[in-house]
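Okay, structure first, notes after.
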Amino acid sequence: MNIKYLLFGSLLTVSMGCSDILNKKDLSSVTDDQVWSDANYATAYLNQLYAKNLPKWAGEEESNRIYYSSYSDEAEGETDVLYGQLTIASIDHWYYEDIRNINLLFEKLEDNLAIDAETSTSLKAQASVLRAWRYFEMVRVYGGVPMLLLPQKLTDDLLVSRNKTSDCIDIILQDLDYAYANLPWSWTGDNVGRATKAAALALKARILLYYASPQFNPDNLMDRWETAYKVNKQAKEELAENGYGLYTDYENIWYDEMNKEVVWGRRYQEPGVTNAWNAASRPLSEAQNRTGQNHPTLEMVESYPMVTGVPITESADYDPVLYWKNRDPRFRVTVAYNSCLWELSGKIGRRQWTYAGAELNYPTQTGFYCRKAVDPSYTPYYTERSSTDWIEIRYAEVLLNFAECAAVMGNVDEAYDILKIIRERAGILAGNDGMYGLKKGLSGEQMIDAVMLERKLELAFEGKRYWDLRRRRLFATELNGKVRHGILPKLKIAESEFNTMKDTIDFENNYAVYFKDSLVILDKKFAIDFKDNYYFYAIPNKYLETNSKMEQTQGWSGGTFNPLD
């Protein structure tokens, strides 16, 4: 039977290269035999796998339109996850259709003499990263899942059991080891953006960090931490040796695309491959068709230290009214607040207002907007057609992953070194003691806390905080029983009068003359109540009902599968 494939022309020309395929005729109708007898067509098939399986901006996943920032203390949002209201059907991260398409590439390239060995190996190595990623996405949610490495046929026994979690991790790492052995450190030209040796190694290091973390390792088995430490150190050092490192400009990591900090991600290019992060994050007055996501909480805002690196609770220089002054420079890059200069749509001198009545449609409930990776040059039309690349792994995360492992292993000085490097790049002042606001003499446990705080700040709104809270089992200690807050600024004078003078007021010194900020509770109906069984979610019933061998996860109704095995 001949199967026809629709090739993504926009992806081929912009995101993943393979321009030679454009010289072929009748791209919309290619038979199965043709695909696997021609290296160009086989590469085009891989490009489709990239398009379907690369990580994306939050909210862009077709089956899971969720914004992970609202699943944590980063942003506001009513979620069944935080309120302890999940059902067995709530969390659906089941990627076997995508995995089958990846597996088909491996099957078709096995003993394939029509495609040269070098090309075949490269295609398989790139696909290995995609398969490892998809399986990791499921394992970090459910624990062990069925590990299928070849496409199932109707003649196969389709009733498959869940592999032990430990087996899943081993198989995922085997894929990444194969990719690491057979991929280059970087690509050039149209191929920039493909999986690299750096991506494979960094993803392996991250997965080992997860597997050593309390979610998977509640007994704190040190052999897992030793392995994670070794591989994360290898990733830190080998990536640095091959041109990766911290980009000097924290704000422009997202705009100066494919800079040296970018280890792995997804490339976008308008009009063919776009995302709506800008529209979702901006106020509706400067967006199009979307808004209302990623509004920072007051708790997130107060997490940022002063420019000296000292927490606001310990600094005599902190002004709770002019709270934005003299803060960690990452604060202004990440958070837009009432009266701040935010020149959206290229409007010179534009200020953002969050006071009551300033934004008439869907105003922020927290008093803040997220400005990280929100390109101010976009007009509203382009906010839902953004070309900003998604960075799934950047070198700062590689460093922080290593720092966490070092802290657990008792190598506190190594962790100190990493945090100082991260804070120096952020623009925090070194101080007379060269400690960048870090306390001296931290214990291993205290250093772990310091690393987790640094991750919260450095990687804010990059889809990492929710997963960090899960893998460290921190919901119970940091969020449960609490509510999130925002602030509501209110004008002290008539808005009509304010509008006549707002462009001339020095808000850096006279803010309190015109505004009074009031504390607001964001979680009005429920306090946060992340259940203990949520660290491994339930397999949705629809998958259990079609497979009698599929066990439910322990902790859920009828659950017998132990995700810690």
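To be explicit about the labels: the chains of the structure tokens are called A, B, and onward in the order shown, and within each one the residues are counted from 1, while ligands get numbers from 1 in the order they are shown.
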Which polymer residues have any atom within 9 Å of an atom of region 255-266 of chain A, counting only C-alpha atoms, with same-chain residues fewer than 3 positions away left out, as a VMD selection string? chain A and resid 15 50 to 51 54 to 57 192 to 196 198 to 200 202 to 203 239 243 to 247 251 to 252 373 375 388 to 396
Counting only C-alpha atoms, which residues of region 325-413 of chain A sit at most 12 Å from some atom of region 472-495 of chain A, and what is each one's closest atom pair with its distance in Å to one decimal, listed by chain and rising residue number, as a Markdown table?
| residue | atom | partner | partner_atom | distance |
| --- | --- | --- | --- | --- |
| A:Tyr337 | CA | A:Pro489 | CA | 9.8 |
| A:Asn338 | CA | A:Pro489 | CA | 7.4 |
| A:Ser339 | CA | A:Pro489 | CA | 10.1 |
| A:Trp353 | CA | A:Pro489 | CA | 9.0 |
| A:Thr354 | CA | A:Pro489 | CA | 6.7 |
| A:Tyr355 | CA | A:Pro489 | CA | 4.4 |
| A:Ala356 | CA | A:Lys490 | CA | 5.6 |
| A:Gly357 | CA | A:Lys490 | CA | 8.7 |
| A:Ala358 | CA | A:Glu495 | CA | 9.1 |
| A:Pro363 | CA | A:Leu488 | CA | 10.7 |
| A:Thr364 | CA | A:Leu488 | CA | 9.3 |
| A:Gln365 | CA | A:Gly486 | CA | 6.9 |
| A:Thr366 | CA | A:Gly486 | CA | 4.0 |
| A:Gly367 | CA | A:Ile487 | CA | 5.2 |
| A:Phe368 | CA | A:Gly486 | CA | 7.9 |
| A:Tyr369 | CA | A:Gly486 | CA | 11.1 |
| A:Glu404 | CA | A:Arg472 | CA | 11.0 |
Lys542 (chain A) environment, 12 Å, only C-alpha atoms, sequence neighbours closer than 3 positions dropped, as a PDB file with C-alpha atoms, in the first residue's frame:
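around31.pdb written:
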ATOM      1  CA  ILE A  88      -8.685  10.682  36.230  1.00  0.00           C
ATOM      2  CA  ALA A  89      -9.292  12.198  32.800  1.00  0.00           C
ATOM      3  CA  SER A  90      -7.722  15.606  33.512  1.00  0.00           C
ATOM      4  CA  ILE A  91      -4.088  15.212  32.449  1.00  0.00           C
ATOM      5  CA  ASP A  92      -3.683  13.821  28.949  1.00  0.00           C
ATOM      6  CA  TRP A  94      -0.290  10.636  25.530  1.00  0.00           C
ATOM      7  CA  ALA A 538      -3.550   9.228  36.587  1.00  0.00           C
ATOM      8  CA  ILE A 539      -3.592   7.484  33.213  1.00  0.00           C
ATOM      9  CA  GLU A 545     -10.509   0.951  28.639  1.00  0.00           C
ATOM     10  CA  THR A 546      -8.827   0.053  25.352  1.00  0.00           C
ATOM     11  CA  ASN A 547      -5.942  -1.882  26.906  1.00  0.00           C
ATOM     12  CA  SER A 548      -6.646  -4.494  29.555  1.00  0.00           C
ATOM     13  CA  MET A 550      -2.593  -1.028  31.241  1.00  0.00           C
ATOM     14  CA  GLN A 552      -3.569   2.624  36.732  1.00  0.00           C
TER      15      GLN A 552
END
For the interface of region 67-106 of chain A with region 152-167 of chain A (cut-off 12 Å, counting only C-alpha atoms), please tabulate each contacting residue of region 67-106 of chain A alongside its nearest pair of atoms and their separation in Å to one decimal, rows sorted by chain and increasing number, as JSON lines.
{"residue": "A:Tyr96", "atom": "CA", "partner": "A:Gln152", "partner_atom": "CA", "distance": 10.3}
{"residue": "A:Glu97", "atom": "CA", "partner": "A:Gln152", "partner_atom": "CA", "distance": 10.5}
{"residue": "A:Ile99", "atom": "CA", "partner": "A:Gln152", "partner_atom": "CA", "distance": 10.5}
{"residue": "A:Arg100", "atom": "CA", "partner": "A:Gln152", "partner_atom": "CA", "distance": 7.5}
{"residue": "A:Asn101", "atom": "CA", "partner": "A:Gln152", "partner_atom": "CA", "distance": 10.4}
{"residue": "A:Ile102", "atom": "CA", "partner": "A:Gln152", "partner_atom": "CA", "distance": 11.9}
{"residue": "A:Asn103", "atom": "CA", "partner": "A:Gln152", "partner_atom": "CA", "distance": 9.1}
{"residue": "A:Leu104", "atom": "CA", "partner": "A:Gln152", "partner_atom": "CA", "distance": 9.3}
Written selection (N, CA and C atoms) as a PDB file, in the first residue's frame:
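New file out-v3.pdb:
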ATOM      1  N   TYR A  96       1.551   8.682  21.706  1.00  0.00           N
ATOM      2  CA  TYR A  96       1.922   7.475  20.966  1.00  0.00           C
ATOM      3  C   TYR A  96       1.715   7.588  19.465  1.00  0.00           C
ATOM      4  N   GLU A  97       0.810   8.423  19.018  1.00  0.00           N
ATOM      5  CA  GLU A  97       0.699   8.645  17.577  1.00  0.00           C
ATOM      6  C   GLU A  97       1.968   9.297  17.041  1.00  0.00           C
ATOM      7  N   ILE A  99       4.917   9.176  18.517  1.00  0.00           N
ATOM      8  CA  ILE A  99       6.015   8.224  18.681  1.00  0.00           C
ATOM      9  C   ILE A  99       5.975   7.167  17.587  1.00  0.00           C
ATOM     10  N   ARG A 100       4.781   6.752  17.188  1.00  0.00           N
ATOM     11  CA  ARG A 100       4.700   5.766  16.103  1.00  0.00           C
ATOM     12  C   ARG A 100       5.308   6.329  14.820  1.00  0.00           C
ATOM     13  N   ASN A 101       5.051   7.592  14.536  1.00  0.00           N
ATOM     14  CA  ASN A 101       5.626   8.204  13.338  1.00  0.00           C
ATOM     15  C   ASN A 101       7.143   8.308  13.430  1.00  0.00           C
ATOM     16  N   ILE A 102       7.654   8.565  14.635  1.00  0.00           N
ATOM     17  CA  ILE A 102       9.106   8.566  14.830  1.00  0.00           C
ATOM     18  C   ILE A 102       9.659   7.156  14.643  1.00  0.00           C
ATOM     19  N   ASN A 103       8.984   6.181  15.231  1.00  0.00           N
ATOM     20  CA  ASN A 103       9.440   4.791  15.118  1.00  0.00           C
ATOM     21  C   ASN A 103       9.441   4.314  13.676  1.00  0.00           C
ATOM     22  N   LEU A 104       8.523   4.836  12.887  1.00  0.00           N
ATOM     23  CA  LEU A 104       8.470   4.434  11.476  1.00  0.00           C
ATOM     24  C   LEU A 104       9.759   4.794  10.757  1.00  0.00           C
TER      25      LEU A 104
END
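Rounded to one decimal, CA of Ile422 (chain A) and CA of Met300 (chain A) lie 18.7 Å from each other.
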How far is it from CA of Ile253 (chain A) to CA of Lys236 (chain A), in Å with one decimal? 18.5 Å
Closest-contact table, region 390-431 of chain A side, partner region 438-453 of chain A, 9 Å, counting only C-alpha atoms, as CSV:
residue,atom,partner,partner_atom,distance
A:Leu400,CA,A:Val451,CA,6.9
A:Asn401,CA,A:Val451,CA,8.9
A:Ala403,CA,A:Val451,CA,6.9
A:Glu404,CA,A:Ile448,CA,6.0
A:Cys405,CA,A:Ile448,CA,8.7
A:Ala406,CA,A:Gly444,CA,8.7
A:Ala407,CA,A:Gly444,CA,5.2
A:Val408,CA,A:Gly444,CA,6.0
A:Met409,CA,A:Gly444,CA,7.8
A:Gly410,CA,A:Gly444,CA,5.5
A:Asn411,CA,A:Gly444,CA,7.8
A:Val412,CA,A:Gly444,CA,6.2
A:Ala415,CA,A:Met447,CA,7.4
A:Tyr416,CA,A:Met447,CA,8.0
A:Leu419,CA,A:Val451,CA,7.3
A:Lys420,CA,A:Leu438,CA,8.2
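Distances here use only C-alpha atoms; by that measure, the residue among A:Leu49, A:Leu399, A:Ile115, A:Ala205 closest to Arg131 (chain A) is A:Leu49.
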Kindly indicate which residue among A:Val321, A:Lys549, A:Tyr268, A:Ala460 lies nearest to Tyr514 (chain A), using only C-alpha atoms for the distances.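 Ranking A:Val321, A:Lys549, A:Tyr268, A:Ala460 by distance to Tyr514 (chain A), first place goes to A:Val321.
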With DSSP run on the backbone, what are the alpha helix (DSSP H) residues within region 176-417 of chain A? I'd like them as a ChimeraX atom specification. /A:176-182,197-212,222-241,277-281,298-303,330-334,380-383,395-408,412-417
Would you mind reading off the distance between CA of Asp175 (chain A) and CA of Ala132 (chain A), one decimal, in Å?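 Going from CA of Asp175 (chain A) over to CA of Ala132 (chain A), I get 6.1 Å.
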Do a neighbour search on Phe216 (chain A) at 8 Å with only C-alpha atoms, toss out local chain neighbours closer than 5 positions, and write the hits as a VMD selection string. chain A and resid 210 to 211 471 563 to 564
Please identify all polymer residues within 12 Å of Lys347 (chain A), counting only C-alpha atoms, omitting same-chain residues fewer than 6 positions from it, and present them as number ranges by chain. A: 286, 341, 376-380
Serialized selection, N, CA and C atoms, as a CSV table (one decimal), in the first residue's frame:
chain,number,residue,atom,x,y,z
A,286,GLU,N,-2.9,46.2,23.3
A,286,GLU,CA,-1.7,46.1,22.4
A,286,GLU,C,-1.5,44.7,21.9
A,341,LEU,N,7.9,52.2,32.1
A,341,LEU,CA,8.1,52.4,30.6
A,341,LEU,C,8.1,51.1,29.9
A,376,PRO,N,8.7,44.2,22.1
A,376,PRO,CA,8.0,45.5,22.1
A,376,PRO,C,7.8,46.1,20.7
A,377,SER,N,8.6,45.6,19.7
A,377,SER,CA,8.5,46.1,18.4
A,377,SER,C,7.3,45.6,17.6
A,378,TYR,N,6.7,44.5,18.1
A,378,TYR,CA,5.5,44.0,17.4
A,378,TYR,C,4.3,44.9,17.5
A,379,THR,N,3.7,45.1,16.3
A,379,THR,CA,2.3,45.8,16.4
A,379,THR,C,1.3,44.7,16.8
A,380,PRO,N,0.1,45.1,17.2
A,380,PRO,CA,-0.9,44.0,17.6
A,380,PRO,C,-1.1,42.9,16.6
Mind listing the strand (DSSP E) residues of region 216-411 of chain A, per DSSP on the backbone, as a JSON list (two decimals) with C-alpha atoms, in the first residue's frame?
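In the end it all went to part.json:
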[["chain", "number", "residue", "atom", "x", "y", "z"],
["A", 262, "VAL", "CA", 20.64, 28.54, 23.05],
["A", 263, "VAL", "CA", 21.17, 24.79, 23.41],
["A", 264, "TRP", "CA", 17.89, 23.42, 22.07],
["A", 265, "GLY", "CA", 14.55, 24.80, 21.02],
["A", 266, "ARG", "CA", 12.13, 25.45, 18.18],
["A", 335, "VAL", "CA", 7.71, 42.21, 35.01],
["A", 336, "ALA", "CA", 5.71, 45.18, 33.77],
["A", 337, "TYR", "CA", 4.12, 47.22, 36.58],
["A", 368, "PHE", "CA", 1.45, 43.08, 36.59],
["A", 369, "TYR", "CA", 2.17, 41.80, 33.09],
["A", 370, "CYS", "CA", 4.89, 39.43, 31.95],
["A", 390, "TRP", "CA", 11.25, 28.94, 21.82],
["A", 391, "ILE", "CA", 14.30, 27.99, 23.90],
["A", 392, "GLU", "CA", 13.69, 24.72, 25.71],
["A", 393, "ILE", "CA", 17.22, 24.43, 27.10],
["A", 394, "ARG", "CA", 19.65, 27.30, 27.48]]
Using only C-alpha atoms for the distances, tell me which of A:Phe136, A:Trp277, A:Tyr95, A:Trp467 is nearest to Gln293 (chain A).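 Residue with the minimum atom-to-atom distance to Gln293 (chain A): A:Trp277.
Residues lying within 8 Å of region 382-385 of chain A, counting only C-alpha atoms and ignoring same-chain neighbours fewer than 2 positions away, are Glu270, Pro271, Thr274, Asn275, Ala276, Trp277, Asn278, Ala279, Ala280, Ala287, Gln288, Asn289, Arg290, Tyr378, Thr379, Pro380 and Ser387 of chain A.
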Since we have the selection now, will you write its residues out, keeping all heavy atoms, as a CSV table (one decimal), in the first residue's frame?
chain,number,residue,atom,x,y,z
A,270,GLU,N,7.5,33.9,10.7
A,270,GLU,CA,6.3,34.3,10.1
A,270,GLU,C,6.5,34.4,8.6
A,270,GLU,O,7.5,34.8,8.1
A,270,GLU,CB,6.0,35.7,10.6
A,270,GLU,CG,4.5,36.2,10.5
A,270,GLU,CD,4.2,36.8,9.2
A,270,GLU,OE1,5.2,37.4,8.5
A,270,GLU,OE2,3.1,36.8,8.7
A,271,PRO,N,5.5,33.9,7.7
A,271,PRO,CA,4.1,33.6,8.1
A,271,PRO,C,3.9,32.1,8.4
A,271,PRO,O,2.8,31.8,8.9
A,271,PRO,CB,3.3,34.0,6.9
A,271,PRO,CG,4.3,33.8,5.7
A,271,PRO,CD,5.7,34.1,6.3
A,274,THR,N,4.5,30.2,13.4
A,274,THR,CA,4.4,31.3,14.3
A,274,THR,C,3.9,30.9,15.7
A,274,THR,O,3.4,29.7,15.8
A,274,THR,CB,3.5,32.4,13.8
A,274,THR,OG1,2.2,31.9,13.6
A,274,THR,CG2,4.0,33.0,12.4
A,275,ASN,N,3.9,31.8,16.7
A,275,ASN,CA,3.3,31.5,18.0
A,275,ASN,C,2.6,32.7,18.5
A,275,ASN,O,2.8,33.8,17.9
A,275,ASN,CB,4.4,31.0,19.0
A,275,ASN,CG,5.4,32.1,19.3
A,275,ASN,OD1,5.1,33.0,20.0
A,275,ASN,ND2,6.6,32.0,18.7
A,276,ALA,N,1.9,32.6,19.5
A,276,ALA,CA,1.0,33.7,20.1
A,276,ALA,C,1.4,34.1,21.5
A,276,ALA,O,0.6,34.7,22.2
A,276,ALA,CB,-0.4,33.2,20.0
A,277,TRP,N,2.7,33.8,21.9
A,277,TRP,CA,3.1,34.2,23.2
A,277,TRP,C,2.9,35.7,23.5
A,277,TRP,O,2.5,36.1,24.6
A,277,TRP,CB,4.6,33.8,23.4
A,277,TRP,CG,5.2,34.2,24.7
A,277,TRP,CD1,6.0,35.4,24.9
A,277,TRP,CD2,5.1,33.6,26.0
A,277,TRP,NE1,6.4,35.5,26.2
A,277,TRP,CE2,5.8,34.4,26.9
A,277,TRP,CE3,4.4,32.5,26.5
A,277,TRP,CZ2,5.9,34.1,28.2
A,277,TRP,CZ3,4.5,32.2,27.8
A,277,TRP,CH2,5.3,33.0,28.7
A,278,ASN,N,3.3,36.5,22.5
A,278,ASN,CA,3.2,37.9,22.7
A,278,ASN,C,1.7,38.4,22.9
A,278,ASN,O,1.4,39.2,23.8
A,278,ASN,CB,3.8,38.7,21.5
A,278,ASN,CG,5.3,38.7,21.5
A,278,ASN,OD1,5.9,39.8,21.9
A,278,ASN,ND2,6.0,37.6,21.2
A,279,ALA,N,0.8,37.8,22.1
A,279,ALA,CA,-0.6,38.2,22.3
A,279,ALA,C,-1.1,37.8,23.6
A,279,ALA,O,-1.9,38.5,24.2
A,279,ALA,CB,-1.4,37.6,21.1
A,280,ALA,N,-0.8,36.5,24.0
A,280,ALA,CA,-1.3,36.0,25.3
A,280,ALA,C,-0.8,36.8,26.5
A,280,ALA,O,-1.6,36.9,27.5
A,280,ALA,CB,-0.9,34.5,25.4
A,287,ALA,N,-2.6,43.9,21.8
A,287,ALA,CA,-2.5,42.6,21.3
A,287,ALA,C,-3.6,42.3,20.3
A,287,ALA,O,-4.3,43.3,19.9
A,287,ALA,CB,-2.6,41.6,22.4
A,288,GLN,N,-3.8,41.1,19.9
A,288,GLN,CA,-4.9,40.8,18.9
A,288,GLN,C,-5.4,39.4,19.2
A,288,GLN,O,-4.6,38.4,19.2
A,288,GLN,CB,-4.4,40.9,17.5
A,288,GLN,CG,-5.5,40.6,16.5
A,288,GLN,CD,-5.0,41.0,15.1
A,288,GLN,OE1,-4.8,42.1,14.8
A,288,GLN,NE2,-4.8,40.0,14.2
A,289,ASN,N,-6.7,39.3,19.5
A,289,ASN,CA,-7.4,38.0,19.7
A,289,ASN,C,-7.1,37.2,20.9
A,289,ASN,O,-7.9,36.3,21.3
A,289,ASN,CB,-7.2,37.1,18.5
A,289,ASN,CG,-7.8,37.8,17.2
A,289,ASN,OD1,-8.8,38.5,17.3
A,289,ASN,ND2,-7.2,37.5,16.1
A,290,ARG,N,-6.0,37.5,21.6
A,290,ARG,CA,-5.6,36.8,22.8
A,290,ARG,C,-5.1,37.7,23.9
A,290,ARG,O,-4.5,38.8,23.5
A,290,ARG,CB,-4.6,35.7,22.6
A,290,ARG,CG,-4.9,34.7,21.5
A,290,ARG,CD,-4.0,33.6,21.5
A,290,ARG,NE,-4.1,32.7,20.3
A,290,ARG,CZ,-3.5,31.6,20.1
A,290,ARG,NH1,-2.8,31.0,21.1
A,290,ARG,NH2,-3.7,30.9,19.0
A,378,TYR,N,6.7,44.5,18.1
A,378,TYR,CA,5.5,44.0,17.4
A,378,TYR,C,4.3,44.9,17.5
A,378,TYR,O,4.0,45.4,18.6
A,378,TYR,CB,5.1,42.6,18.0
A,378,TYR,CG,6.0,41.4,17.6
A,378,TYR,CD1,6.2,40.4,18.5
A,378,TYR,CD2,6.5,41.3,16.3
A,378,TYR,CE1,7.0,39.3,18.1
A,378,TYR,CE2,7.3,40.2,16.0
A,378,TYR,CZ,7.5,39.2,16.9
A,378,TYR,OH,8.3,38.2,16.6
A,379,THR,N,3.7,45.1,16.3
A,379,THR,CA,2.3,45.8,16.4
A,379,THR,C,1.3,44.7,16.8
A,379,THR,O,1.6,43.5,16.7
A,379,THR,CB,2.0,46.3,15.0
A,379,THR,OG1,2.0,45.2,14.0
A,379,THR,CG2,3.0,47.4,14.6
A,380,PRO,N,0.1,45.1,17.2
A,380,PRO,CA,-0.9,44.0,17.6
A,380,PRO,C,-1.1,42.9,16.6
A,380,PRO,O,-1.2,41.8,17.0
A,380,PRO,CB,-2.1,44.9,17.8
A,380,PRO,CG,-1.6,46.2,18.2
A,380,PRO,CD,-0.4,46.4,17.4
A,387,SER,N,7.5,35.5,15.6
A,387,SER,CA,8.6,34.7,15.0
A,387,SER,C,9.7,34.4,16.1
A,387,SER,O,10.8,33.8,15.8
A,387,SER,CB,9.3,35.4,13.9
A,387,SER,OG,8.4,35.5,12.8
Could you pull the residues within 10 Å of Gly349 (chain A), counting only C-alpha atoms, minus those fewer than 6 positions along the same chain, as a ChimeraX atom specification? /A:340-343,503
Looking at only C-alpha atoms, which of A:Asp328, A:Asp529, A:Asp417, A:Glu118 is the one that sits closest to Val301 (chain A)?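 Smallest separation from Val301 (chain A) among the options: A:Asp328.
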